[in-house]
Amino acid sequence: MEQGLLELWASTGIANFTIGQVVMIAIGSLLIYLAISRGFEPLLLIPIGFGGILANIPVAEIAGPEGLLGILYHSGIESGVFPLLIFMGVGAMTDFGPLLARPSLMILGAAAQFGIFVTLFGAIAMNLIPGMEFTLADASAIAIIGGADGPTAIYVASRLAPDLLGAIAVAAYSYMALVPIIQPPIMKLLTTEEERKTQMTQPRHVSKLEKILFPLTLLLVTLLLLPSATPLVGMLCFGNLLKESGVVDRLSSTAQNELINIVTIFLGLAVGSKLAADRFLSIETIGILLLGMVAFSIGTAAGLLMGKLMYRLTDGAVNPLIGSAGVSAVPMAARVANKVGLEANPQNFLLMHAMGPNVAGVIGSAVAAGVLLAIVG
């Protein structure tokens with residue numbers, strides 16, 4: 001009888017909890033709180049937070065190789081399927097019209113990726129700190145956080161640094177959610193009141209033919225120059241072609257709604273499986289969070305500085321604020337640029353103009369990921 005009671009006690013969660021697991025369950029609960037109470041990327045932080053809680057429940061082994069979360073991770077993230085399907089849905093929801101109306105805005109999206117490559121060297125330099133041990137592959141996966149593109153960060157991390165996936169995913173989506181808090185101070189620091197007041201002219205009309213040809217042309221250029229970026233760019237282009245062709249509304253609607261919603265649930269839970277205490281609670285996680293902030297801030301600053309250059313070269317035709325939207329947090333970064341512009345000038349509507357560099361940032365982050373995978377992977 002006594003032996004049976006001991007065995008029963010040994011099978012309970014109370015008897016098997018570690019301090020680390022309790023801490024990680026608290027962190028998962030915090031993510032859920034921020035998603036519900038503060039509206040921070042709820043579509044992914046709720047599944048990630050809940051997955052993190054499940055991954056730290058002792059005995060259950062739900063995040064193990066044979067558990068539900070482990071199976072989801074292996075079949076969807078380790079294989080790269082979930083991020084690619086997310087990219088297809090993003091493509092189906094994206095209007096490249098603002099970018100096609102003013103192709104020069106592609107430069108702003110490219111400039112905002114500068115933070116990725118600066119942070120790459122920053123991560124390597126952090127190896128000088130005792131306890132930090134980032135390989136070149138680890139540093140590359142961490143650096144992609146600067147693109148403010150969650151699916152791209154997850155895709156690269158799953159390829160180059162799967163052990164760091166949980167911290168990288170949490171950092172990427174947290175900073176995406178904090179765009180309205182992080183970006184405005186940087187925008188006001190690097191631009192003048194006069195620059196922020198700049199009103200831009202109405203963009204030209206973009207024909208349906210242009211919108212159809214764009215994803216096909218982008219795919220062709222990518223496969224010729226940077227094949228390693230083709231998985232991400234290719235799925236983005238396919239989703240966009242479904243939308244712009246106008247003849248497969250059912251497929252486009254599915255990609256924009258049911259499919260991306262289902263994949264988002266599975267992706268979040270699978271990422272949460274990597275928030276196990278033995279992997280997440282380390283000094284390296286702190287380093288990732290700090291580097292992610294640096295990467296995102298540098299990306300925002302680089303886009304703004306390029307915007308200032310375009311402002312001068314075009315005699316004030318381009319508002320520098322839209323350069324901050326070059327990070328690919330679509331459409332939040334564009335909305336923030338519009339909000340700051342309206343604060344300076346109530347007649348200054350920048351949303352459609354900011355969407356140009358914003359969608360260019362999606363392409364730019366995918367290209368940057370392809371470069372890193374080609375060099376490091």
# chains A, B, ... in the order shown; residues from 1 in each chain; ligands from 1
>>> closest_atom_pairs(of="stretch 315-370 of chain A", to="stretch 74-87 of chain A", cutoff="12 Å", atoms="only C-alpha atoms", output="CSV")
residue,atom,partner,partner_atom,distance
A:Val362,CA,A:Phe87,CA,9.5
A:Ile363,CA,A:Phe87,CA,10.5
A:Ser365,CA,A:Phe87,CA,11.8
A:Ala366,CA,A:Phe87,CA,9.8
>>> select_by_dssp(residues="stretch 41-239 of chain A", states="helix (DSSP H, G or I)", output="PyMOL selection string")
chain A and resi 42-55+68-77+81-93+97-101+103-111+114-128+136-147+150-160+162-177+179-190+193-196+208-225+227-239
>>> write_last_selection(atoms="C-alpha atoms", output="compact mmCIF listing (two decimals), in the first residue's frame")
# COMPACT_ATOMS: atom_id res chain seq x y z
CA PRO A 42 -2.04 37.75 -30.08
CA LEU A 43 -2.33 35.44 -33.09
CA LEU A 44 1.06 33.95 -32.30
CA LEU A 45 1.89 34.87 -28.72
CA ILE A 46 -1.15 32.99 -27.38
CA PRO A 47 -0.24 29.70 -29.13
CA ILE A 48 3.47 30.18 -28.33
CA GLY A 49 2.74 30.97 -24.68
CA PHE A 50 0.36 28.04 -24.29
CA GLY A 51 2.79 25.73 -26.08
CA GLY A 52 5.50 26.89 -23.68
CA ILE A 53 3.29 26.00 -20.71
CA LEU A 54 2.59 22.54 -22.13
CA ALA A 55 6.29 21.97 -22.87
CA LEU A 68 1.92 16.26 -30.03
CA LEU A 69 4.13 19.36 -29.90
CA GLY A 70 7.21 17.35 -30.81
CA ILE A 71 5.42 15.88 -33.82
CA LEU A 72 4.22 19.33 -34.90
CA TYR A 73 7.74 20.69 -34.58
CA HIS A 74 9.29 17.86 -36.56
CA SER A 75 6.69 17.85 -39.34
CA GLY A 76 6.13 21.59 -39.63
CA ILE A 77 9.15 23.58 -38.46
CA VAL A 81 6.73 23.66 -44.07
CA PHE A 82 4.93 25.96 -41.61
CA PRO A 83 6.95 29.16 -42.26
CA LEU A 84 6.66 28.62 -46.00
CA LEU A 85 2.88 28.19 -45.82
CA ILE A 86 2.71 31.36 -43.70
CA PHE A 87 4.64 33.16 -46.44
CA MET A 88 2.13 31.94 -49.01
CA GLY A 89 -0.69 33.41 -46.92
CA VAL A 90 1.22 36.67 -46.47
CA GLY A 91 1.66 36.87 -50.24
CA ALA A 92 -2.07 36.35 -50.75
CA MET A 93 -2.80 39.21 -48.35
CA GLY A 97 0.72 48.22 -55.73
CA PRO A 98 2.32 50.95 -53.56
CA LEU A 99 5.77 49.51 -54.29
CA LEU A 100 5.10 49.21 -58.03
CA ALA A 101 3.76 52.77 -58.10
CA PRO A 103 9.79 51.28 -57.34
CA SER A 104 12.52 53.48 -55.85
CA LEU A 105 11.00 52.72 -52.43
CA MET A 106 12.56 49.27 -52.72
CA ILE A 107 15.78 50.96 -51.59
CA LEU A 108 14.20 51.76 -48.22
CA GLY A 109 13.21 48.14 -47.69
CA ALA A 110 16.76 47.07 -48.55
CA ALA A 111 18.34 49.68 -46.24
CA PHE A 114 21.27 46.64 -42.67
CA GLY A 115 20.55 45.84 -39.03
CA ILE A 116 20.63 42.13 -39.83
CA PHE A 117 24.22 42.16 -41.00
CA VAL A 118 25.46 44.54 -38.28
CA THR A 119 23.92 42.27 -35.64
CA LEU A 120 25.58 39.24 -37.23
CA PHE A 121 28.98 40.64 -36.26
CA GLY A 122 27.60 41.84 -32.92
CA ALA A 123 26.53 38.29 -32.04
CA ILE A 124 29.98 36.95 -32.87
CA ALA A 125 31.56 39.70 -30.76
CA MET A 126 29.41 38.65 -27.77
CA ASN A 127 31.50 35.47 -27.57
CA LEU A 128 33.97 37.63 -25.66
CA LEU A 136 28.45 31.71 -37.04
CA ALA A 137 25.24 29.78 -37.71
CA ASP A 138 23.79 30.88 -34.35
CA ALA A 139 24.75 34.50 -35.04
CA SER A 140 23.11 34.37 -38.49
CA ALA A 141 19.86 33.04 -37.03
CA ILE A 142 19.85 35.70 -34.30
CA ALA A 143 20.63 38.52 -36.75
CA ILE A 144 17.55 37.83 -38.88
CA ILE A 145 15.42 39.15 -35.99
CA GLY A 146 16.36 42.60 -37.28
CA GLY A 147 14.14 42.05 -40.30
CA GLY A 150 8.59 36.21 -37.65
CA PRO A 151 8.20 33.41 -40.23
CA THR A 152 11.57 34.24 -41.80
CA ALA A 153 13.26 34.24 -38.38
CA ILE A 154 11.71 30.86 -37.57
CA TYR A 155 12.66 29.42 -40.97
CA VAL A 156 16.30 30.50 -40.67
CA ALA A 157 16.55 29.41 -37.02
CA SER A 158 15.14 25.97 -37.84
CA ARG A 159 17.85 25.59 -40.47
CA LEU A 160 20.84 27.10 -38.68
CA PRO A 162 17.25 24.86 -33.90
CA ASP A 163 18.31 24.90 -30.22
CA LEU A 164 17.84 28.69 -30.18
CA LEU A 165 14.51 28.65 -32.01
CA GLY A 166 12.33 29.38 -28.99
CA ALA A 167 14.29 32.44 -27.89
CA ILE A 168 14.61 33.75 -31.46
CA ALA A 169 10.88 33.33 -32.15
CA VAL A 170 9.84 35.00 -28.91
CA ALA A 171 12.27 37.88 -29.55
CA ALA A 172 11.13 38.33 -33.16
CA TYR A 173 7.42 38.44 -32.37
CA SER A 174 7.89 40.48 -29.21
CA TYR A 175 9.74 43.22 -31.08
CA MET A 176 7.18 43.12 -33.89
CA ALA A 177 4.49 43.70 -31.28
CA VAL A 179 6.88 48.45 -33.04
CA PRO A 180 4.54 51.27 -31.82
CA ILE A 181 6.74 51.70 -28.73
CA ILE A 182 10.24 51.17 -30.14
CA GLN A 183 10.07 53.04 -33.43
CA PRO A 184 8.60 56.52 -32.66
CA PRO A 185 11.50 57.69 -30.42
CA ILE A 186 14.02 56.62 -33.09
CA MET A 187 11.95 58.33 -35.80
CA LYS A 188 11.78 61.61 -33.89
CA LEU A 189 15.47 61.46 -32.97
CA LEU A 190 16.67 61.02 -36.56
CA GLU A 193 10.00 68.55 -37.63
CA GLU A 194 10.15 69.93 -41.16
CA GLU A 195 10.97 66.51 -42.61
CA ARG A 196 8.14 64.84 -40.71
CA LYS A 208 -3.64 44.62 -63.11
CA LEU A 209 -1.09 43.37 -65.65
CA GLU A 210 1.75 44.93 -63.66
CA LYS A 211 0.51 43.26 -60.48
CA ILE A 212 0.33 39.87 -62.20
CA LEU A 213 3.76 40.17 -63.79
CA PHE A 214 5.47 41.35 -60.58
CA PRO A 215 5.46 38.04 -58.62
CA LEU A 216 6.54 36.13 -61.74
CA THR A 217 9.37 38.58 -62.40
CA LEU A 218 10.46 38.58 -58.75
CA LEU A 219 10.57 34.78 -58.72
CA LEU A 220 12.61 34.69 -61.93
CA VAL A 221 15.16 37.19 -60.61
CA THR A 222 15.44 35.30 -57.31
CA LEU A 223 16.00 31.87 -58.81
CA LEU A 224 18.63 33.27 -61.18
CA LEU A 225 20.57 35.31 -58.60
CA PRO A 227 18.33 30.28 -55.37
CA SER A 228 18.65 29.79 -51.60
CA ALA A 229 15.97 32.47 -51.08
CA THR A 230 13.57 30.78 -53.52
CA PRO A 231 11.60 28.77 -50.92
CA LEU A 232 10.55 31.93 -49.06
CA VAL A 233 10.25 34.27 -52.04
CA GLY A 234 8.64 31.57 -54.16
CA MET A 235 5.80 30.93 -51.71
CA LEU A 236 5.32 34.69 -51.27
CA CYS A 237 5.06 35.09 -55.05
CA PHE A 238 2.70 32.13 -55.40
CA GLY A 239 0.33 33.49 -52.77
>>> residues_around(residues="A:Leu304", least_positions_apart="3", cutoff="9 Å", atoms="only C-alpha atoms", output="PyMOL selection string")
chain A and resi 108+111-112+186-187+190-191+299-301+307-309+320-326
>>> residues_around(residues="A:Ser253", least_positions_apart="5", cutoff="9 Å", atoms="only C-alpha atoms", output="list of chain:residue names")
A:Ala92, A:Leu242, A:Lys243, A:Val248, A:Glu258, A:Leu259
>>> closest_residue(among="A:Leu290, A:Ala26, A:Phe134, A:Leu178", to="A:Gly39", atoms="only C-alpha atoms")
A:Leu178
>>> closest_residue(among="A:Thr192, A:Asn348, A:Ser245, A:Asn358", to="A:Ser328", atoms="only C-alpha atoms")
A:Asn358
>>> atom_distance(atom1="atom CA of A:Leu289", atom2="atom CA of A:Ile27")
14.1 Å
>>> atom_distance(atom1="atom CA of A:Glu41", atom2="atom CA of A:Arg279")
23.3 Å
>>> closest_residue(among="A:Asn56, A:Thr198, A:Ser282, A:Asn16", to="A:Val340", atoms="only C-alpha atoms")
A:Thr198
>>> atom_distance(atom1="atom CA of A:Ser297", atom2="atom CA of A:Ala148")
10.2 Å
>>> closest_residue(among="A:Leu291, A:Met310, A:Met200, A:Val22", to="A:Leu351", atoms="only C-alpha atoms")
A:Met200
